[in-house]
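Presented below is the structure to which this report refers.
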Number of protein chains: 2
Amino acid sequence: MSERVVPEGSRQRRRPTKQGAVLSERLIVDTALRLIAQHGAEALSVRRLGAALGADPTALYRYFRNTDALLLAVADELIGRAQEGWTATGDWRTDLRAMGLRINSCYRNNPQAAALAAHRTTGRPHETRAVERILGILRGAGFPDDLAVRIYHAFVDQALAFAAQDAAAAALPTAAREKDEEVWHAVYGRLSPDTHPNIAATFPLLAADMRDSGYPFALELMLAAVEALRPTEQGG
Amino acid sequence: MSERVVPEGSRQRRRPTKQGAVLSERLIVDTALRLIAQHGAEALSVRRLGAALGADPTALYRYFRNTDALLLAVADELIGRAQEGWTATGDWRTDLRAMGLRINSCYRNNPQAAALAAHRTTGRPHETRAVERILGILRGAGFPDDLAVRIYHAFVDQALAFAAQDAAAAALPTAAREKDEEVWHAVYGRLSPDTHPNIAATFPLLAADMRDSGYPFALELMLAAVEALRPTEQGG
DNA sequence: TTCACACGTCAATGGCGTTGACGTAAGCTT
DNA sequence: AAGCTTACGTCAACGCCATTGACGTGTGAA
C-alpha cells in the first residue's frame, strides 16, 4: 500500500500516458491555467483537465489530493505572476497603484482560482514578499509604523476584496453573467421617475459606468485620502 | 401547456405536499437561508432544500426557473435585511457611512449566504431601493450626476467586496480559521529582519491590526476622499 | 535479471441540476 | 352541485460532476 499522492520532489517514475503525455505537477498547473484562460471559467473540471492533458482524468489524483489542493497550487502560481517584473519607482503613490492594479488584473484573468485564493493566507514566499514590499512602500513614504500598518491593511484588503469580487463576476457561468447585464437594462432602465427618481435621472451614466470594475476609481480615492494623511517632509 | 414557473403574485392554487407543507416563494427563500446558516453554503442543493421543505426537490422548479433565480432571491432578501429600519439623517457622510456599515455587518452575520450572493445583480425590489437611496444621498449632497454615479459605483462595490471578503473569512470552518491564524504567527512572526525588514519591524502592530476587518478604515478613507471632491455650496 | 511498486487506467459510486410526463386536486364556471 | 381546466406536486431519467478502489504494466533500483 502506498499514498496516492507522491510529493513532487521525490517523484521518480515518470510513465507516459496512453496518449504519450508525461505528467508533472508543473504541467498540470500550467494546463489548468491555460484551460481557464482559453475556455472560460466553467471549463475547469477534472475530466476536462484530464482530456486537455491527454490522460485519464483520475491520473490527477496521483498529483493532488483533491481539486482544492490543485486550486491552491494554481493560486500560489498566481501570486507569483502578479508581482513578476515589478520594480519600485520610489514614488509611493505610483508604486502602490501599480501593486493594486497588478493584483486586480492578475486575479481577474484567472477568476475561479482567484475566488478561492483571495481570502486565504498562504504564508508562502510569494505572499510574504508582497507584504514586505507594500509595507516598504508605505514606511519609505514617511508614514509612522502604526499608520503604515493600518493603511497597509486597508489597501491589501481592498485590493483582494475587489479582485475576488471582479473574479467572481468573471467566473460566473456565461448565462448568469449575461442575465446580470440584461437586468441592468430590463429592470433599471424601466424604473419610473416617480418611485426611483435618482435612478431614472442617471440611468445612462449608471449603465455605462457599471460595465467596468469599480476598483480603479476606488483605488484612486484611497490613494488621495492616504496622501492627505501623510506627514510633511520636514516634520518633527 | 403552461409555463413551469407561475409568478408569486398570480399564484392561486396552493396544494400541500405529501408531507403536508404548503410552499411559497417566501417559505423557500427563508428555508434556504436557514439551511445555509445552519449547514454551510455547500449544504444548499435542490435535493437538500426539497428535503428541508418537506417536498419533492423538483417542486422548487414551480417557483424558480433554476437555482440561479433562487440564489438571486436569497441575495435580495439579504439586501432587504441590511436596510431594515434605516432612515436618512440628511448628512450625506453619516448616511453613506451607515449604509456601508449596515451592508457589511448584515452580510457578515450571514456569511455563508453572503459569499454566494455578494457579487450578483438581482434587479429585485430591495436592491433597486438601496441603489435609489445611495444615489439620492450623493445627489442630495450636491455631486453632479456623472461624479455621483462614479462614487456610487466605487462605494457599492467596495461595500459588497469587503462584505464578501469578511463573510468568507467568517465562513471558514473553525479548524481552518485557527490554523490560518496560527500559520500567520508562525510564518510572519519569524521572518528575518534581513530578508523582511518591514514585516519584522511592524509585526506586533500588524498582528494586532489584521485581526479585525479593514473595512471601517477603508470606508473612512473613501469618505474623506469623496468629501474632497465635493463641490462647494456656493459653487458656479 | 529480477522485482517491488508507482502510476496510468478502468469501473463504479453517489452527488448534482434539470427536464418531461403524469395524475390529482384546487378553484373556476355553470 | 357538477364539471372542467390546469396548476403544481411527484416520479423517473439524463448527463454532468468529484472521488475511490482495484488492477496491471512498465519503470527504475538492486
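For the C-alpha cells, the naming scheme is as follows: chains receive sequential letters (A, B, ...) according to their order of presentation, residues are indexed from 1 within each chain, and ligands are indexed from 1 in presentation order.
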
Item checked: Expected answer as a list in words: chain B residues within 10 Å of chain C, only C-alpha atoms (C1' of nucleotides) ->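 Per the criterion, chain B yields Gln12, Arg13, Arg14, Arg15, Ser45, Val46, Arg47, Thr58, Tyr61, Arg65, Asn66 and Thr67 of chain B.
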
Pull N, CA, C and O atoms from the residues just selected and write them as a PDB file, in the first residue's frame.
ATOM      1  N   GLN B  12     -52.455  30.909  -7.348  1.00  0.00           N
ATOM      2  CA  GLN B  12     -53.769  30.738  -6.729  1.00  0.00           C
ATOM      3  C   GLN B  12     -53.961  29.384  -6.068  1.00  0.00           C
ATOM      4  O   GLN B  12     -54.501  29.286  -4.978  1.00  0.00           O
ATOM      5  N   ARG B  13     -53.514  28.368  -6.728  1.00  0.00           N
ATOM      6  CA  ARG B  13     -53.730  27.029  -6.156  1.00  0.00           C
ATOM      7  C   ARG B  13     -52.604  26.647  -5.224  1.00  0.00           C
ATOM      8  O   ARG B  13     -51.477  26.433  -5.666  1.00  0.00           O
ATOM      9  N   ARG B  14     -52.847  26.579  -3.986  1.00  0.00           N
ATOM     10  CA  ARG B  14     -51.822  26.170  -3.026  1.00  0.00           C
ATOM     11  C   ARG B  14     -52.160  24.750  -2.593  1.00  0.00           C
ATOM     12  O   ARG B  14     -53.155  24.494  -1.929  1.00  0.00           O
ATOM     13  N   ARG B  15     -51.299  23.879  -2.987  1.00  0.00           N
ATOM     14  CA  ARG B  15     -51.590  22.462  -2.780  1.00  0.00           C
ATOM     15  C   ARG B  15     -50.527  21.874  -1.869  1.00  0.00           C
ATOM     16  O   ARG B  15     -49.347  21.985  -2.152  1.00  0.00           O
ATOM     17  N   SER B  45     -28.517  22.635  -1.830  1.00  0.00           N
ATOM     18  CA  SER B  45     -28.725  21.978  -3.120  1.00  0.00           C
ATOM     19  C   SER B  45     -30.221  21.758  -3.263  1.00  0.00           C
ATOM     20  O   SER B  45     -30.965  21.800  -2.275  1.00  0.00           O
ATOM     21  N   VAL B  46     -30.646  21.563  -4.497  1.00  0.00           N
ATOM     22  CA  VAL B  46     -32.072  21.396  -4.751  1.00  0.00           C
ATOM     23  C   VAL B  46     -32.633  20.232  -3.948  1.00  0.00           C
ATOM     24  O   VAL B  46     -33.700  20.327  -3.349  1.00  0.00           O
ATOM     25  N   ARG B  47     -31.868  19.175  -3.908  1.00  0.00           N
ATOM     26  CA  ARG B  47     -32.365  17.997  -3.205  1.00  0.00           C
ATOM     27  C   ARG B  47     -32.498  18.226  -1.705  1.00  0.00           C
ATOM     28  O   ARG B  47     -33.493  17.862  -1.073  1.00  0.00           O
ATOM     29  N   THR B  58     -37.979  18.645  -6.948  1.00  0.00           N
ATOM     30  CA  THR B  58     -38.295  19.350  -8.194  1.00  0.00           C
ATOM     31  C   THR B  58     -39.503  20.279  -8.066  1.00  0.00           C
ATOM     32  O   THR B  58     -39.808  21.035  -8.993  1.00  0.00           O
ATOM     33  N   TYR B  61     -38.953  23.942  -8.870  1.00  0.00           N
ATOM     34  CA  TYR B  61     -38.963  24.484 -10.229  1.00  0.00           C
ATOM     35  C   TYR B  61     -40.324  25.053 -10.594  1.00  0.00           C
ATOM     36  O   TYR B  61     -40.500  25.590 -11.671  1.00  0.00           O
ATOM     37  N   ARG B  65     -37.115  29.400 -11.801  1.00  0.00           N
ATOM     38  CA  ARG B  65     -36.759  28.759 -13.063  1.00  0.00           C
ATOM     39  C   ARG B  65     -35.563  27.833 -12.887  1.00  0.00           C
ATOM     40  O   ARG B  65     -35.492  26.766 -13.478  1.00  0.00           O
ATOM     41  N   ASN B  66     -34.612  28.252 -12.083  1.00  0.00           N
ATOM     42  CA  ASN B  66     -33.446  27.413 -11.820  1.00  0.00           C
ATOM     43  C   ASN B  66     -32.797  27.854 -10.511  1.00  0.00           C
ATOM     44  O   ASN B  66     -33.273  28.777  -9.868  1.00  0.00           O
ATOM     45  N   THR B  67     -31.712  27.224 -10.136  1.00  0.00           N
ATOM     46  CA  THR B  67     -31.108  27.547  -8.841  1.00  0.00           C
ATOM     47  C   THR B  67     -30.545  28.959  -8.825  1.00  0.00           C
ATOM     48  O   THR B  67     -30.453  29.568  -7.762  1.00  0.00           O
TER      49      THR B  67
END

Any chance you could dump chain B, least-squares fitted to chain A on all C-alpha atoms in order, as a CSV table (one decimal) with C-alpha atoms, in the first residue's frame?
chain,number,residue,atom,x,y,z
B,1,MET,CA,4.6,2.6,3.1
B,2,SER,CA,5.2,6.0,1.8
B,3,GLU,CA,3.4,9.4,1.7
B,4,ARG,CA,1.2,9.7,-1.3
B,5,VAL,CA,2.5,13.1,-2.2
B,6,VAL,CA,6.2,13.6,-2.9
B,7,PRO,CA,7.4,17.2,-2.8
B,8,GLU,CA,8.3,18.5,-6.3
B,9,GLY,CA,11.8,19.2,-5.3
B,10,SER,CA,12.7,15.6,-4.3
B,11,ARG,CA,10.8,13.9,-7.1
B,12,GLN,CA,13.1,11.6,-9.0
B,13,ARG,CA,11.2,8.9,-10.8
B,14,ARG,CA,9.3,10.4,-13.8
B,15,ARG,CA,7.2,7.7,-15.3
B,16,PRO,CA,5.1,8.3,-18.4
B,17,THR,CA,1.4,7.6,-18.2
B,18,LYS,CA,-0.2,5.0,-20.5
B,19,GLN,CA,-0.9,7.8,-22.9
B,20,GLY,CA,2.7,9.0,-22.8
B,21,ALA,CA,2.4,12.2,-20.7
B,22,VAL,CA,5.1,13.0,-18.2
B,23,LEU,CA,3.5,14.7,-15.3
B,24,SER,CA,4.8,17.5,-13.1
B,25,GLU,CA,3.4,20.0,-10.7
B,26,ARG,CA,4.0,22.7,-13.2
B,27,LEU,CA,2.3,20.8,-16.1
B,28,ILE,CA,-0.7,20.1,-13.9
B,29,VAL,CA,-1.1,23.7,-12.8
B,30,ASP,CA,-0.7,25.0,-16.3
B,31,THR,CA,-3.2,22.5,-17.7
B,32,ALA,CA,-5.7,23.4,-14.9
B,33,LEU,CA,-5.4,27.1,-15.8
B,34,ARG,CA,-5.9,26.3,-19.5
B,35,LEU,CA,-8.9,24.1,-18.7
B,36,ILE,CA,-10.5,26.8,-16.7
B,37,ALA,CA,-9.8,29.5,-19.3
B,38,GLN,CA,-11.2,27.4,-22.1
B,39,HIS,CA,-14.2,25.7,-20.5
B,40,GLY,CA,-15.0,27.7,-17.4
B,41,ALA,CA,-14.5,27.2,-13.7
B,42,GLU,CA,-17.0,24.3,-13.5
B,43,ALA,CA,-14.9,22.4,-16.0
B,44,LEU,CA,-12.2,21.9,-13.4
B,45,SER,CA,-12.6,18.5,-11.8
B,46,VAL,CA,-10.2,15.8,-11.0
B,47,ARG,CA,-11.6,13.5,-13.7
B,48,ARG,CA,-11.5,16.1,-16.5
B,49,LEU,CA,-8.1,17.4,-15.5
B,50,GLY,CA,-6.8,13.8,-15.6
B,51,ALA,CA,-8.3,13.4,-19.1
B,52,ALA,CA,-6.8,16.7,-20.3
B,53,LEU,CA,-3.4,15.6,-19.0
B,54,GLY,CA,-3.7,12.2,-20.6
B,55,ALA,CA,-3.4,10.4,-17.2
B,56,ASP,CA,-5.6,8.5,-14.8
B,57,PRO,CA,-7.5,11.1,-12.7
B,58,THR,CA,-6.1,9.8,-9.5
B,59,ALA,CA,-2.5,10.3,-10.6
B,60,LEU,CA,-3.1,13.9,-9.4
B,61,TYR,CA,-3.0,12.7,-5.9
B,62,ARG,CA,0.6,11.9,-6.3
B,63,TYR,CA,1.2,15.6,-6.8
B,64,PHE,CA,-1.4,17.3,-4.6
B,65,ARG,CA,-2.9,16.0,-1.4
B,66,ASN,CA,-6.4,17.1,-2.6
B,67,THR,CA,-8.1,19.5,-4.9
B,68,ASP,CA,-7.8,22.3,-2.4
B,69,ALA,CA,-4.0,22.1,-2.6
B,70,LEU,CA,-4.2,22.2,-6.4
B,71,LEU,CA,-6.4,25.2,-6.2
B,72,LEU,CA,-3.9,27.0,-4.0
B,73,ALA,CA,-1.1,26.2,-6.5
B,74,VAL,CA,-3.2,27.7,-9.2
B,75,ALA,CA,-3.9,30.8,-7.1
B,76,ASP,CA,-0.3,31.3,-6.4
B,77,GLU,CA,0.6,31.0,-10.1
B,78,LEU,CA,-1.9,33.9,-10.8
B,79,ILE,CA,-0.2,36.0,-8.1
B,80,GLY,CA,3.1,35.4,-9.7
B,81,ARG,CA,1.9,36.4,-13.1
B,82,ALA,CA,0.5,39.6,-11.7
B,83,GLN,CA,3.9,40.6,-10.4
B,84,GLU,CA,5.9,39.6,-13.5
B,85,GLY,CA,8.2,42.4,-14.5
B,86,TRP,CA,7.2,44.8,-11.8
B,87,THR,CA,9.9,47.0,-10.3
B,88,ALA,CA,9.6,49.7,-7.6
B,89,THR,CA,10.0,53.3,-8.6
B,90,GLY,CA,10.5,54.5,-5.0
B,91,ASP,CA,7.3,56.7,-5.0
B,92,TRP,CA,4.9,54.8,-2.7
B,93,ARG,CA,1.8,56.1,-4.4
B,94,THR,CA,2.9,55.1,-7.9
B,95,ASP,CA,4.1,51.7,-6.6
B,96,LEU,CA,0.9,50.9,-4.7
B,97,ARG,CA,-1.2,52.0,-7.6
B,98,ALA,CA,0.7,49.8,-10.0
B,99,MET,CA,0.4,46.8,-7.7
B,100,GLY,CA,-3.3,47.3,-7.3
B,101,LEU,CA,-4.0,47.7,-11.0
B,102,ARG,CA,-1.7,44.8,-11.9
B,103,ILE,CA,-3.5,42.4,-9.6
B,104,ASN,CA,-6.9,43.6,-10.8
B,105,SER,CA,-6.0,43.3,-14.5
B,106,CYS,CA,-4.3,39.9,-14.1
B,107,TYR,CA,-7.3,38.5,-12.3
B,108,ARG,CA,-9.7,39.9,-14.8
B,109,ASN,CA,-7.7,38.3,-17.6
B,110,ASN,CA,-8.2,34.9,-15.9
B,111,PRO,CA,-11.7,35.4,-14.6
B,112,GLN,CA,-12.7,31.8,-14.1
B,113,ALA,CA,-9.6,31.0,-12.1
B,114,ALA,CA,-9.7,34.3,-10.2
B,115,ALA,CA,-13.2,33.7,-9.0
B,116,LEU,CA,-11.9,30.5,-7.3
B,117,ALA,CA,-8.6,31.8,-6.1
B,118,ALA,CA,-9.0,35.4,-5.0
B,119,HIS,CA,-10.0,34.7,-1.5
B,120,ARG,CA,-7.5,32.1,-0.4
B,121,THR,CA,-4.2,32.4,1.5
B,122,THR,CA,-1.7,30.2,-0.2
B,123,GLY,CA,1.5,30.8,1.8
B,124,ARG,CA,3.4,30.0,-1.4
B,125,PRO,CA,6.4,31.9,-2.7
B,126,HIS,CA,4.6,34.3,-5.2
B,127,GLU,CA,2.2,35.3,-2.5
B,128,THR,CA,4.8,35.9,0.2
B,129,ARG,CA,6.8,38.0,-2.2
B,130,ALA,CA,3.8,40.2,-3.0
B,131,VAL,CA,3.1,40.7,0.7
B,132,GLU,CA,6.7,41.5,1.3
B,133,ARG,CA,6.8,44.1,-1.5
B,134,ILE,CA,3.6,45.9,-0.5
B,135,LEU,CA,4.7,46.1,3.2
B,136,GLY,CA,8.0,47.4,1.9
B,137,ILE,CA,6.3,50.2,0.0
B,138,LEU,CA,4.4,51.3,3.0
B,139,ARG,CA,7.2,51.1,5.5
B,140,GLY,CA,9.5,52.8,3.1
B,141,ALA,CA,7.0,55.6,2.8
B,142,GLY,CA,7.4,56.3,6.5
B,143,PHE,CA,4.2,54.7,7.9
B,144,PRO,CA,4.7,53.2,11.4
B,145,ASP,CA,4.4,49.5,11.5
B,146,ASP,CA,0.9,49.2,13.0
B,147,LEU,CA,-0.5,51.7,10.5
B,148,ALA,CA,1.4,50.1,7.6
B,149,VAL,CA,-0.1,46.7,8.6
B,150,ARG,CA,-3.7,48.1,8.7
B,151,ILE,CA,-3.2,49.9,5.4
B,152,TYR,CA,-1.7,46.8,3.8
B,153,HIS,CA,-4.7,44.7,4.9
B,154,ALA,CA,-7.2,47.2,3.5
B,155,PHE,CA,-5.3,47.6,0.3
B,156,VAL,CA,-4.8,43.9,-0.4
B,157,ASP,CA,-8.3,42.9,0.5
B,158,GLN,CA,-9.7,45.6,-1.6
B,159,ALA,CA,-7.6,44.7,-4.6
B,160,LEU,CA,-8.5,41.0,-4.3
B,161,ALA,CA,-12.2,41.7,-3.6
B,162,PHE,CA,-12.6,44.0,-6.6
B,163,ALA,CA,-10.6,41.6,-8.7
B,164,ALA,CA,-12.9,38.7,-7.8
B,165,GLN,CA,-15.9,40.9,-8.3
B,166,ASP,CA,-14.8,42.0,-11.8
B,167,ALA,CA,-13.7,38.5,-12.6
B,168,ALA,CA,-17.0,37.1,-11.7
B,169,ALA,CA,-18.8,39.6,-14.0
B,170,ALA,CA,-16.4,38.8,-16.8
B,171,ALA,CA,-16.9,35.1,-16.2
B,172,LEU,CA,-20.7,35.2,-16.7
B,173,PRO,CA,-21.9,33.4,-19.8
B,174,THR,CA,-22.5,35.9,-22.6
B,175,ALA,CA,-26.2,35.4,-22.6
B,176,ALA,CA,-26.5,36.0,-18.9
B,177,ARG,CA,-24.4,39.1,-19.0
B,178,GLU,CA,-26.4,40.6,-21.9
B,179,LYS,CA,-29.6,39.8,-20.1
B,180,ASP,CA,-28.2,41.5,-16.9
B,181,GLU,CA,-27.4,44.7,-18.8
B,182,GLU,CA,-30.7,44.6,-20.6
B,183,VAL,CA,-32.6,44.2,-17.3
B,184,TRP,CA,-30.5,47.1,-15.9
B,185,HIS,CA,-31.9,49.5,-18.6
B,186,ALA,CA,-35.3,48.0,-18.6
B,187,VAL,CA,-35.7,48.3,-14.8
B,188,TYR,CA,-33.6,51.2,-13.7
B,189,GLY,CA,-34.3,53.3,-16.8
B,190,ARG,CA,-38.0,53.1,-16.2
B,191,LEU,CA,-38.3,53.8,-12.5
B,192,SER,CA,-40.7,56.7,-11.8
B,193,PRO,CA,-39.3,60.0,-10.5
B,194,ASP,CA,-42.0,59.8,-7.9
B,195,THR,CA,-40.8,56.6,-6.2
B,196,HIS,CA,-37.1,56.8,-7.2
B,197,PRO,CA,-36.2,60.5,-7.7
B,198,ASN,CA,-32.5,60.0,-7.3
B,199,ILE,CA,-32.2,57.2,-9.8
B,200,ALA,CA,-34.4,59.0,-12.3
B,201,ALA,CA,-32.4,62.2,-12.0
B,202,THR,CA,-29.0,60.5,-12.5
B,203,PHE,CA,-29.9,57.6,-14.8
B,204,PRO,CA,-27.9,58.5,-17.9
B,205,LEU,CA,-24.7,59.2,-15.8
B,206,LEU,CA,-25.4,56.0,-13.8
B,207,ALA,CA,-25.8,53.8,-16.9
B,208,ALA,CA,-22.6,55.2,-18.4
B,209,ASP,CA,-20.5,54.9,-15.2
B,210,MET,CA,-21.7,51.4,-14.2
B,211,ARG,CA,-20.3,49.9,-17.4
B,212,ASP,CA,-16.7,50.0,-16.2
B,213,SER,CA,-15.1,48.7,-13.1
B,214,GLY,CA,-15.4,50.8,-10.0
B,215,TYR,CA,-11.9,49.8,-8.9
B,216,PRO,CA,-9.7,52.5,-10.4
B,217,PHE,CA,-11.7,55.3,-8.6
B,218,ALA,CA,-12.0,53.3,-5.4
B,219,LEU,CA,-8.2,52.8,-5.5
B,220,GLU,CA,-7.6,56.5,-6.0
B,221,LEU,CA,-9.9,57.3,-3.1
B,222,MET,CA,-7.9,54.9,-0.9
B,223,LEU,CA,-4.6,56.3,-2.0
B,224,ALA,CA,-5.8,59.8,-1.2
B,225,ALA,CA,-7.0,58.8,2.2
B,226,VAL,CA,-3.8,57.0,2.9
B,227,GLU,CA,-1.8,60.1,1.9
B,228,ALA,CA,-3.7,62.1,4.5
B,229,LEU,CA,-2.6,59.6,7.2
B,230,ARG,CA,1.1,59.7,6.3
B,231,PRO,CA,3.4,61.2,8.8
B,232,THR,CA,5.2,64.3,7.6
B,233,GLU,CA,8.9,63.9,6.6
B,234,GLN,CA,10.4,65.8,9.5
B,235,GLY,CA,7.9,64.5,12.1
B,236,GLY,CA,8.6,63.8,15.8

Check: What residues in chain D lie within 12 Å of chain B, counting only C-alpha atoms (C1' of nucleotides), written as number ranges by chain?
Finding: D: 5-12

Note to self: Please extract the residues of region 27-57 of chain A with a backbone DSSP assignment of helix (DSSP H, G or I) and present them as a PyMOL selection string.
What the structure shows: chain A and resi 27-39+41-43+46-53+57
